[in-house]
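S.K.: I'm passing along model-v2.pdb; it holds PDB, C-alpha atoms and all ligand atoms.
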```pdb
ATOM      1  CA  MET Q   9      31.314 -23.110 -18.353
ATOM      2  CA  THR Q  10      27.767 -22.407 -19.447
ATOM      3  CA  ARG Q  11      26.715 -22.173 -15.823
ATOM      4  CA  GLY Q  12      28.906 -19.151 -15.239
ATOM      5  CA  LEU Q  13      27.495 -17.487 -18.326
ATOM      6  CA  GLN Q  14      23.920 -18.175 -17.219
ATOM      7  CA  LYS Q  15      24.697 -16.616 -13.866
ATOM      8  CA  LEU Q  16      26.016 -13.506 -15.544
ATOM      9  CA  GLN Q  17      22.952 -13.305 -17.773
ATOM     10  CA  ALA Q  18      20.667 -13.728 -14.768
ATOM     11  CA  GLN Q  19      22.517 -10.955 -12.967
ATOM     12  CA  ALA Q  20      22.191  -8.697 -15.989
ATOM     13  CA  LYS Q  21      18.455  -9.369 -16.097
ATOM     14  CA  ASN Q  22      18.100  -8.572 -12.420
ATOM     15  CA  ASN Q  23      19.973  -5.316 -12.895
ATOM     16  CA  GLU Q  24      17.654  -4.397 -15.751
ATOM     17  CA  LYS Q  25      14.660  -5.092 -13.547
ATOM     18  CA  LYS Q  26      16.088  -2.951 -10.772
ATOM     19  CA  ALA Q  27      16.794  -0.125 -13.185
ATOM     20  CA  ALA Q  28      13.274  -0.309 -14.602
ATOM     21  CA  ALA Q  29      11.766  -0.308 -11.117
ATOM     22  CA  GLY Q  30      13.893   2.687 -10.152
ATOM     23  CA  LYS Q  31      12.815   4.569 -13.242
ATOM     24  CA  LYS Q  32       9.175   3.827 -12.513
ATOM     25  CA  SER Q  33       9.269   5.154  -8.973
ATOM     26  CA  ASP Q  34      11.277   8.204 -10.052
ATOM     27  CA  GLY Q  35       8.714   8.996 -12.717
ATOM     28  CA  LYS Q  36       5.920   8.725 -10.207
ATOM     29  CA  ALA Q  37       7.693  11.059  -7.805
ATOM     30  CA  ALA Q  38       8.391  13.529 -10.591
ATOM     31  CA  ALA Q  39       4.766  13.475 -11.677
ATOM     32  CA  ALA Q  40       3.617  14.110  -8.131
ATOM     33  CA  ALA Q  41       6.170  16.890  -7.708
ATOM     34  CA  ALA Q  42       5.069  18.484 -10.969
ATOM     35  CA  ILE Q  43       1.688  19.428  -9.503
ATOM     36  CA  LYS Q  44       2.339  22.142  -6.966
ATOM     37  CA  TYR Q  45      -0.901  24.045  -7.045
ATOM     38  CA  ASN Q  46      -4.551  23.451  -7.669
ATOM     39  CA  CYS Q  47      -6.615  26.386  -8.818
ATOM     40  CA  GLN Q  48      -8.649  27.350  -5.802
ATOM     41  CA  PHE Q  49     -11.708  28.090  -7.948
ATOM     42  CA  CYS Q  50     -11.846  25.296 -10.523
ATOM     43  CA  LYS Q  51      -9.322  22.870  -8.932
ATOM     44  CA  ALA Q  52      -7.324  22.520 -12.132
ATOM     45  CA  PRO Q  53      -3.798  21.189 -11.418
ATOM     46  CA  MET Q  54      -0.970  23.697 -11.960
ATOM     47  CA  SER Q  55       2.690  22.697 -12.254
ATOM     48  CA  ASP Q  56       4.014  26.105 -11.203
ATOM     49  CA  LEU Q  57       2.996  29.569 -10.159
ATOM     50  CA  GLN Q  58       3.532  31.071 -13.611
ATOM     51  CA  THR Q  59       1.117  28.550 -15.130
ATOM     52  CA  TYR Q  60      -1.330  29.225 -12.336
ATOM     53  CA  ARG Q  61      -1.188  32.982 -12.956
ATOM     54  CA  GLU Q  62      -1.702  32.549 -16.675
ATOM     55  CA  HIS Q  63      -4.590  30.189 -16.040
ATOM     56  CA  PHE Q  64      -6.094  32.570 -13.510
ATOM     57  CA  ASP Q  65      -5.864  35.614 -15.758
ATOM     58  CA  ALA Q  66      -7.382  33.623 -18.632
ATOM     59  CA  LYS Q  67     -10.135  31.803 -16.752
ATOM     60  CA  HIS Q  68     -10.951  33.902 -13.709
ATOM     61  CA  PRO Q  69      -9.937  37.488 -14.560
ATOM     62  CA  LYS Q  70     -12.670  39.015 -12.400
ATOM     63  CA  LEU Q  71     -11.843  37.065  -9.248
ATOM     64  CA  ALA Q  72      -9.428  38.193  -6.543
ATOM     65  CA  HIS Q  73      -5.954  36.677  -6.788
ATOM     66  CA  PRO Q  74      -5.298  33.749  -4.454
ATOM     67  CA  PRO Q  75      -2.716  34.324  -1.658
ATOM     68  CA  GLU Q  76      -0.167  32.079  -3.438
ATOM     69  CA  PHE Q  77       0.450  34.820  -5.992
ATOM     70  CA  ALA Q  78       1.865  37.157  -3.381
ATOM     71  CA  THR Q  79       4.634  34.751  -2.352
ATOM     72  CA  ALA Q  80       6.527  34.734  -5.658
TER      73      ALA Q  80
HETATM   74 ZN    ZN B 101      -9.143  27.920 -12.360
END
```
I'd like the structure from this file rewritten - as structure tokens, please.
M.R.:
Amino acid sequence: MTRGLQKLQAQAKNNEKKAAAGKKSDGKAAAAAAIKYNCQFCKAPMSDLQTYREHFDAKHPKLAHPPEFATA
């Protein structure tokens, strides 16, 4: 009877591994997707256009706006 139990435990472990692996790859994809823009002057990574605009107004107020700003 212990054999059947061991099999179940092994299966549970495998499922945990699969779940962990899935989480890892999802996190990586999310992290990559989070960076949508890089400031064209200082190359700082920006997660969205709003952040980029705020960064631009704070750091490069005298420079012309990049073309990305016109699209949103
Ligand atoms: Zn910048």
S.K.: Might you spell out which residues the PyMOL selection byres (((not hetatm)) within 8 of (chain B and resi 101)) would select in the displayed file, as a VMD selection string?
M.R.: chain Q and resid 46 to 52 60 63 to 64 67 to 68
S.K.: To one decimal place, how far is CA of Ala37 in chain Q from CA of Thr59 in chain Q in Å?
M.R.: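 CA of Thr59 in chain Q lies at a distance of 20.1 Å from CA of Ala37 in chain Q.
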S.K.: Calculate how many Å separate CA of Gly35 in chain Q from CA of Asp56 in chain Q, rounding to one decimal.
M.R.: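 Between CA of Gly35 in chain Q and CA of Asp56 in chain Q the gap is 17.8 Å.
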S.K.: As lines of an AutoDock Vina configuration file, please report the centre and edge lengths, rounded to one decimal in Å, of the axis-aligned box that holds all listed atoms of range 42-50 of chain Q with 4 Å of padding on each of the six sides.
M.R.:
```
center_x = -3.4
center_y = 23.3
center_z = -8.4
size_x = 24.9
size_y = 17.6
size_z = 13.2
```
S.K.: Could you write out as a PyMOL selection string the residues that the PyMOL selection byres (((chain Q and resi 55) around 6) and not hetatm) matches in the shown file?
M.R.: chain Q and resi 42-44+54+56
S.K.: Please enumerate the residues selected by the PyMOL selection byres (((chain Q and resi 77) around 12) and not hetatm) when evaluated against the supplied file, formatted as a PDB file with C-alpha atoms, keeping the file's coordinate frame.
M.R.:
```
ATOM      1  CA  TYR Q  45      -0.901  24.045  -7.045  1.00  0.00           C
ATOM      2  CA  CYS Q  47      -6.615  26.386  -8.818  1.00  0.00           C
ATOM      3  CA  GLN Q  48      -8.649  27.350  -5.802  1.00  0.00           C
ATOM      4  CA  ASP Q  56       4.014  26.105 -11.203  1.00  0.00           C
ATOM      5  CA  LEU Q  57       2.996  29.569 -10.159  1.00  0.00           C
ATOM      6  CA  GLN Q  58       3.532  31.071 -13.611  1.00  0.00           C
ATOM      7  CA  THR Q  59       1.117  28.550 -15.130  1.00  0.00           C
ATOM      8  CA  TYR Q  60      -1.330  29.225 -12.336  1.00  0.00           C
ATOM      9  CA  ARG Q  61      -1.188  32.982 -12.956  1.00  0.00           C
ATOM     10  CA  GLU Q  62      -1.702  32.549 -16.675  1.00  0.00           C
ATOM     11  CA  PHE Q  64      -6.094  32.570 -13.510  1.00  0.00           C
ATOM     12  CA  ASP Q  65      -5.864  35.614 -15.758  1.00  0.00           C
ATOM     13  CA  ALA Q  72      -9.428  38.193  -6.543  1.00  0.00           C
ATOM     14  CA  HIS Q  73      -5.954  36.677  -6.788  1.00  0.00           C
ATOM     15  CA  PRO Q  74      -5.298  33.749  -4.454  1.00  0.00           C
ATOM     16  CA  PRO Q  75      -2.716  34.324  -1.658  1.00  0.00           C
ATOM     17  CA  GLU Q  76      -0.167  32.079  -3.438  1.00  0.00           C
ATOM     18  CA  ALA Q  78       1.865  37.157  -3.381  1.00  0.00           C
ATOM     19  CA  THR Q  79       4.634  34.751  -2.352  1.00  0.00           C
ATOM     20  CA  ALA Q  80       6.527  34.734  -5.658  1.00  0.00           C
TER      21      ALA Q  80
END
```
